[in-house]
>>> print(open('protein.cif').read())   # mmCIF, C-alpha atoms
data_work
#
loop_
_atom_site.label_atom_id
_atom_site.label_comp_id
_atom_site.auth_asym_id
_atom_site.auth_seq_id
_atom_site.Cartn_x
_atom_site.Cartn_y
_atom_site.Cartn_z
CA MET A 1 -10.12 11.28 46.37
CA PRO A 2 -7.41 11.11 49.08
CA ARG A 3 -4.08 9.73 47.88
CA TRP A 4 -4.40 6.70 50.17
CA ALA A 5 -7.85 5.73 48.79
CA SER A 6 -6.35 3.54 46.10
CA GLY A 7 -8.30 0.40 45.45
CA PRO A 8 -11.17 -1.17 43.55
CA ARG A 9 -14.68 -0.02 44.36
CA GLY A 10 -17.93 -1.94 43.97
CA GLN A 11 -18.29 -5.63 43.22
CA PRO A 12 -15.35 -7.55 41.71
CA ALA A 13 -15.61 -8.25 37.98
CA TYR A 14 -15.07 -11.95 38.70
CA TRP A 15 -17.96 -12.30 41.18
CA HIS A 16 -20.58 -13.97 38.98
CA GLU A 17 -18.07 -16.29 37.29
CA ALA A 18 -16.73 -17.32 40.69
CA ARG A 19 -20.18 -18.02 42.12
CA ALA A 20 -21.09 -20.19 39.16
CA ALA A 21 -17.83 -22.16 39.42
CA LEU A 22 -18.27 -22.71 43.17
CA ALA A 23 -21.86 -23.87 42.73
CA ALA A 24 -20.74 -26.39 40.10
CA ALA A 25 -17.87 -27.71 42.25
CA ASP A 26 -19.56 -28.01 45.64
CA PRO A 27 -23.24 -28.85 46.33
CA ALA A 28 -23.22 -27.28 49.81
CA MET A 29 -21.70 -24.09 48.49
CA ALA A 30 -24.25 -24.13 45.67
CA GLY A 31 -26.95 -23.80 48.33
CA LEU A 32 -25.22 -20.76 49.85
CA VAL A 33 -24.69 -19.19 46.44
CA ALA A 34 -28.42 -19.54 45.69
CA ARG A 35 -29.41 -18.26 49.13
CA TYR A 36 -27.41 -15.04 48.79
CA ASP A 37 -28.03 -14.31 45.14
CA GLY A 38 -27.86 -10.57 44.48
CA GLU A 39 -25.44 -9.92 47.35
CA GLY A 40 -21.67 -9.91 47.38
CA LEU A 41 -18.35 -8.43 48.28
CA VAL A 42 -18.24 -4.65 47.78
CA GLY A 43 -14.95 -2.75 47.72
CA GLN A 44 -14.82 0.73 49.22
CA GLY A 45 -11.50 1.74 47.67
CA ASP A 46 -10.02 2.78 51.02
CA PRO A 47 -7.18 0.68 52.50
CA PHE A 48 -7.06 2.63 55.76
CA LEU A 49 -10.74 1.98 56.37
CA THR A 50 -10.22 -1.75 55.83
CA LEU A 51 -7.17 -1.84 58.10
CA ALA A 52 -8.92 0.17 60.81
CA ARG A 53 -12.02 -2.02 60.78
CA ALA A 54 -9.93 -5.19 60.87
CA ILE A 55 -7.84 -3.95 63.80
CA VAL A 56 -10.97 -3.00 65.72
CA ALA A 57 -12.41 -6.47 65.05
CA GLN A 58 -9.35 -8.46 66.14
CA GLN A 59 -10.26 -11.18 68.66
CA ILE A 60 -13.72 -9.81 69.52
CA SER A 61 -17.24 -10.60 68.37
CA VAL A 62 -18.87 -8.96 65.36
CA HIS A 63 -21.40 -7.26 67.66
CA ALA A 64 -18.68 -5.84 69.91
CA ALA A 65 -16.66 -4.65 66.91
CA ASP A 66 -19.69 -2.90 65.41
CA SER A 67 -20.39 -1.12 68.70
CA ILE A 68 -16.81 0.12 69.03
CA TRP A 69 -16.77 1.19 65.39
CA ALA A 70 -19.93 3.26 65.87
CA ARG A 71 -18.33 5.01 68.87
CA LEU A 72 -15.14 5.57 66.89
CA GLU A 73 -17.12 7.26 64.11
CA ALA A 74 -18.88 9.42 66.67
CA CYS A 75 -15.52 10.39 68.14
CA VAL A 76 -13.54 11.21 64.99
CA GLY A 77 -16.25 11.85 62.39
CA THR A 78 -14.85 10.36 59.21
CA VAL A 79 -12.58 7.42 60.02
CA ALA A 80 -9.65 8.58 57.89
CA PRO A 81 -5.91 8.94 58.58
CA PRO A 82 -5.81 12.69 59.43
CA GLU A 83 -8.78 12.46 61.79
CA VAL A 84 -7.49 9.38 63.61
CA ALA A 85 -3.89 10.64 63.79
CA ALA A 86 -5.15 13.87 65.38
CA ARG A 87 -6.71 12.04 68.32
CA SER A 88 -4.80 11.10 71.44
CA GLN A 89 -4.43 7.49 72.46
CA GLU A 90 -6.64 8.17 75.47
CA GLU A 91 -9.40 9.57 73.25
CA LEU A 92 -9.27 6.45 71.12
CA ARG A 93 -9.31 4.23 74.18
CA GLY A 94 -12.44 6.07 75.26
CA VAL A 95 -14.43 4.46 72.43
CA GLY A 96 -13.70 1.00 73.80
CA LEU A 97 -10.39 0.17 72.14
CA THR A 98 -7.67 -1.52 74.14
CA ARG A 99 -4.47 0.43 74.76
CA GLN A 100 -2.69 -1.66 72.13
CA LYS A 101 -5.37 -1.24 69.45
CA ALA A 102 -5.52 2.52 70.05
CA SER A 103 -1.75 2.68 69.63
CA TYR A 104 -1.84 0.57 66.46
CA LEU A 105 -4.54 2.75 64.88
CA ARG A 106 -2.67 5.97 65.61
CA ASP A 107 0.60 4.56 64.27
CA ILE A 108 -1.01 3.38 61.04
CA ALA A 109 -2.95 6.62 60.59
CA THR A 110 0.26 8.60 61.05
CA GLY A 111 2.01 6.38 58.50
CA PHE A 112 -0.70 7.03 55.93
CA VAL A 113 -0.56 10.79 56.51
CA SER A 114 3.24 10.92 56.26
CA GLY A 115 3.37 8.66 53.22
CA ASP A 116 5.50 6.06 54.98
CA ILE A 117 2.71 3.61 54.24
CA ASP A 118 2.06 3.54 50.49
CA PRO A 119 -0.89 1.27 49.69
CA ALA A 120 -0.65 2.01 45.96
CA ARG A 121 2.23 -0.44 45.66
CA TRP A 122 0.01 -3.26 46.88
CA GLN A 123 -2.02 -3.13 43.68
CA LYS A 124 0.69 -4.77 41.57
CA ALA A 125 2.23 -6.95 44.27
CA GLY A 126 1.44 -10.62 44.74
CA ASP A 127 -0.57 -11.81 47.73
CA ASP A 128 2.47 -13.01 49.68
CA ALA A 129 4.33 -9.74 49.06
CA VAL A 130 1.34 -7.72 50.29
CA ILE A 131 1.12 -9.86 53.42
CA ASP A 132 4.84 -9.41 54.11
CA ASP A 133 4.49 -5.64 53.69
CA LEU A 134 1.52 -5.47 56.03
CA LEU A 135 3.10 -7.72 58.66
CA ALA A 136 5.79 -5.05 59.08
CA LEU A 137 3.14 -2.73 60.57
CA ARG A 138 2.53 -2.79 64.31
CA GLY A 139 -0.76 -4.48 65.13
CA VAL A 140 -1.12 -6.25 61.80
CA GLY A 141 -1.05 -10.03 61.86
CA ARG A 142 -1.76 -12.48 59.09
CA TRP A 143 -5.54 -12.40 59.62
CA THR A 144 -5.65 -8.61 59.31
CA ALA A 145 -3.48 -8.76 56.19
CA GLU A 146 -5.84 -11.34 54.70
CA MET A 147 -8.80 -9.00 55.31
CA VAL A 148 -6.96 -6.34 53.29
CA LEU A 149 -6.41 -8.85 50.48
CA ILE A 150 -10.07 -9.89 50.41
CA PHE A 151 -11.90 -6.63 51.07
CA HIS A 152 -9.60 -3.91 49.81
CA LEU A 153 -7.63 -5.55 47.03
CA GLN A 154 -10.41 -8.03 46.19
CA ARG A 155 -7.97 -10.88 45.60
CA PRO A 156 -10.06 -13.90 44.61
CA ASP A 157 -8.24 -16.80 46.23
CA VAL A 158 -7.58 -16.05 49.91
CA LEU A 159 -8.37 -18.56 52.67
CA PRO A 160 -8.06 -17.11 56.21
CA LEU A 161 -7.67 -20.31 58.19
CA ALA A 162 -7.43 -18.52 61.54
CA ASP A 163 -10.77 -16.79 61.07
CA ILE A 164 -13.24 -17.88 63.74
CA GLY A 165 -16.23 -17.35 61.44
CA VAL A 166 -14.76 -19.51 58.70
CA ARG A 167 -14.06 -22.34 61.13
CA ARG A 168 -17.51 -22.08 62.68
CA ALA A 169 -19.31 -22.02 59.33
CA MET A 170 -17.25 -24.92 58.01
CA GLY A 171 -18.29 -26.95 61.03
CA GLU A 172 -21.93 -26.13 60.43
CA HIS A 173 -22.00 -26.77 56.70
CA TYR A 174 -19.36 -29.47 56.25
CA GLY A 175 -18.52 -30.92 59.65
CA GLU A 176 -21.95 -32.08 60.83
CA GLY A 177 -21.86 -29.41 63.50
CA ARG A 178 -18.41 -30.35 64.74
CA ALA A 179 -15.40 -28.06 64.55
CA MET A 180 -13.02 -28.72 61.67
CA ALA A 181 -9.26 -28.45 62.05
CA PRO A 182 -7.52 -25.82 59.88
CA GLU A 183 -5.72 -28.58 58.00
CA ALA A 184 -9.03 -30.23 57.12
CA ILE A 185 -10.50 -26.91 55.99
CA GLU A 186 -7.48 -26.19 53.83
CA ALA A 187 -7.65 -29.60 52.20
CA PHE A 188 -11.39 -29.36 51.53
CA ALA A 189 -11.08 -25.83 50.12
CA GLU A 190 -8.90 -27.07 47.26
CA CYS A 191 -12.14 -27.65 45.32
CA TRP A 192 -12.88 -23.91 45.59
CA ARG A 193 -9.69 -22.73 43.89
CA PRO A 194 -9.19 -20.16 42.41
CA TRP A 195 -12.20 -18.58 44.16
CA ARG A 196 -11.63 -19.27 47.84
CA SER A 197 -12.26 -15.63 48.83
CA VAL A 198 -15.74 -15.88 47.31
CA ALA A 199 -16.45 -19.12 49.14
CA VAL A 200 -15.27 -17.52 52.40
CA TRP A 201 -17.59 -14.55 51.87
CA HIS A 202 -20.53 -16.95 51.56
CA LEU A 203 -19.47 -18.79 54.72
CA TRP A 204 -19.39 -15.50 56.63
CA ARG A 205 -22.72 -14.45 55.17
CA SER A 206 -24.34 -17.64 56.42
CA LEU A 207 -23.53 -16.64 59.99
CA ASP A 208 -24.52 -12.98 60.08
CA PRO A 209 -27.77 -11.10 59.40
CA LEU A 210 -25.90 -8.59 57.22
CA PRO A 211 -22.94 -9.03 54.84
CA VAL A 212 -19.60 -8.75 56.60
CA ALA A 213 -17.51 -5.77 55.51
CA TYR A 214 -14.05 -4.44 56.27
#
>>> encode(input="protein.cif", output="structure tokens")
Amino acid sequence: MPRWASGPRGQPAYWHEARAALAAADPAMAGLVARYDGEGLVGQGDPFLTLARAIVAQQISVHAADSIWARLEACVGTVAPPEVAARSQEELRGVGLTRQKASYLRDIATGFVSGDIDPARWQKAGDDAVIDDLLALRGVGRWTAEMVLIFHLQRPDVLPLADIGVRRAMGEHYGEGRAMAPEAIEAFAECWRPWRSVAVWHLWRSLDPLPVAY
């Protein structure tokens, strides 16, 4: 396994406990938990893959992100640091990435290859420390850092308030079809602690035909 592939794989050990607690605390979430029984968050153990997918997905639709990702895979083969770092910015732009995203991906890939980015230290760091570390990377904002916490590190209690899908799903399931302000979402989500990541996964799942993955 490459040195940068340092993270949990498969479903989190807490998944079933978290689902049961959410179903007991929130009737609407109980319906989502029952609807998606047998599915769940699955870790791939690869922080670069999570970062790359999140950067590709920034500020575009899920469909557009999936299309660009498929072209990226066709271009580089395995989406891994050495393969991405070896491509020019223009080659990466050719798959549909903006100039900025192509630059961010190459920079991060180069950092993984050189060892300047050491994801192993994230395993023992708290959520806020991981976010601070990731925010130091070009192209990584809070939302991208939160995707790393949820999908790579499988931290159980992350609430990405800027996520468009979360806000849309909250409006559908809790806001009578009307958009909910981030402050209202944050206040409501207190009943989900300490399993807000699991609740968020179910919100995403309610919007898409396949489980979201980064």
>>> resolve_selection(input="protein.cif", expression="the PyMOL selection byres ((chain A and resi 196-202) around 9)", output="PyMOL selection string")
chain A and resi 15+18-19+22+29+32-33+36+40-41+150+154-160+166+189-195+203-207+211-212
>>> resolve_selection(input="protein.cif", expression="the PyMOL selection byres ((chain A and resi 146-148) around 12)", output="PyMOL selection string")
chain A and resi 7-8+41+43-55+57-58+119+122-123+127-135+140-145+149-163+196-197+200-201+212-214
>>> closest_residue(input="protein.cif", among="A:Ala169, A:Ile108, A:Val95, A:Ala30", to="Ala74 of chain A", atoms="only C-alpha atoms")
A:Val95
>>> closest_residue(input="protein.cif", among="A:His63, A:His173, A:Arg9, A:Val56", to="Lys101 of chain A", atoms="only C-alpha atoms")
A:Val56
>>> residues_around(input="protein.cif", residues="Ala85 of chain A", least_positions_apart="3", cutoff="7 Å", atoms="only C-alpha atoms", output="ChimeraX atom specification")
/A:81-82,106,109-110
>>> write_last_selection(input="protein.cif", atoms="C-alpha atoms", output="PDB file, in the frame of the given file")
ATOM      1  CA  PRO A  81      -5.910   8.940  58.580  1.00  0.00           C
ATOM      2  CA  PRO A  82      -5.810  12.690  59.430  1.00  0.00           C
ATOM      3  CA  ARG A 106      -2.670   5.970  65.610  1.00  0.00           C
ATOM      4  CA  ALA A 109      -2.950   6.620  60.590  1.00  0.00           C
ATOM      5  CA  THR A 110       0.260   8.600  61.050  1.00  0.00           C
TER       6      THR A 110
END
>>> atom_distance(input="protein.cif", atom1="atom CA of Val62 of chain A", atom2="atom CA of Arg168 of chain A")
13.5 Å
>>> atom_distance(input="protein.cif", atom1="atom CA of Ser103 of chain A", atom2="atom CA of Gln89 of chain A")
6.2 Å
>>> residues_near_point(input="protein.cif", point="(-14.0, 3.7, 70.4)", cutoff="12 Å", atoms="all atoms listed in the file", output="mmCIF file with C-alpha atoms, in the frame of the given file")
data_model
loop_
_atom_site.group_PDB
_atom_site.id
_atom_site.type_symbol
_atom_site.label_atom_id
_atom_site.label_comp_id
_atom_site.auth_asym_id
_atom_site.auth_seq_id
_atom_site.Cartn_x
_atom_site.Cartn_y
_atom_site.Cartn_z
ATOM 1 C CA ALA A 52 -8.920 0.170 60.810
ATOM 2 C CA ARG A 53 -12.020 -2.020 60.780
ATOM 3 C CA ILE A 55 -7.840 -3.950 63.800
ATOM 4 C CA VAL A 56 -10.970 -3.000 65.720
ATOM 5 C CA ALA A 57 -12.410 -6.470 65.050
ATOM 6 C CA ALA A 64 -18.680 -5.840 69.910
ATOM 7 C CA ALA A 65 -16.660 -4.650 66.910
ATOM 8 C CA ASP A 66 -19.690 -2.900 65.410
ATOM 9 C CA SER A 67 -20.390 -1.120 68.700
ATOM 10 C CA ILE A 68 -16.810 0.120 69.030
ATOM 11 C CA TRP A 69 -16.770 1.190 65.390
ATOM 12 C CA ALA A 70 -19.930 3.260 65.870
ATOM 13 C CA ARG A 71 -18.330 5.010 68.870
ATOM 14 C CA LEU A 72 -15.140 5.570 66.890
ATOM 15 C CA GLU A 73 -17.120 7.260 64.110
ATOM 16 C CA ALA A 74 -18.880 9.420 66.670
ATOM 17 C CA CYS A 75 -15.520 10.390 68.140
ATOM 18 C CA VAL A 76 -13.540 11.210 64.990
ATOM 19 C CA GLY A 77 -16.250 11.850 62.390
ATOM 20 C CA VAL A 79 -12.580 7.420 60.020
ATOM 21 C CA VAL A 84 -7.490 9.380 63.610
ATOM 22 C CA ARG A 87 -6.710 12.040 68.320
ATOM 23 C CA SER A 88 -4.800 11.100 71.440
ATOM 24 C CA GLN A 89 -4.430 7.490 72.460
ATOM 25 C CA GLU A 90 -6.640 8.170 75.470
ATOM 26 C CA GLU A 91 -9.400 9.570 73.250
ATOM 27 C CA LEU A 92 -9.270 6.450 71.120
ATOM 28 C CA ARG A 93 -9.310 4.230 74.180
ATOM 29 C CA GLY A 94 -12.440 6.070 75.260
ATOM 30 C CA VAL A 95 -14.430 4.460 72.430
ATOM 31 C CA GLY A 96 -13.700 1.000 73.800
ATOM 32 C CA LEU A 97 -10.390 0.170 72.140
ATOM 33 C CA THR A 98 -7.670 -1.520 74.140
ATOM 34 C CA ARG A 99 -4.470 0.430 74.760
ATOM 35 C CA LYS A 101 -5.370 -1.240 69.450
ATOM 36 C CA ALA A 102 -5.520 2.520 70.050
ATOM 37 C CA LEU A 105 -4.540 2.750 64.880
#
>>> atom_distance(input="protein.cif", atom1="atom CA of Leu137 of chain A", atom2="atom CA of Ile117 of chain A")
9.0 Å
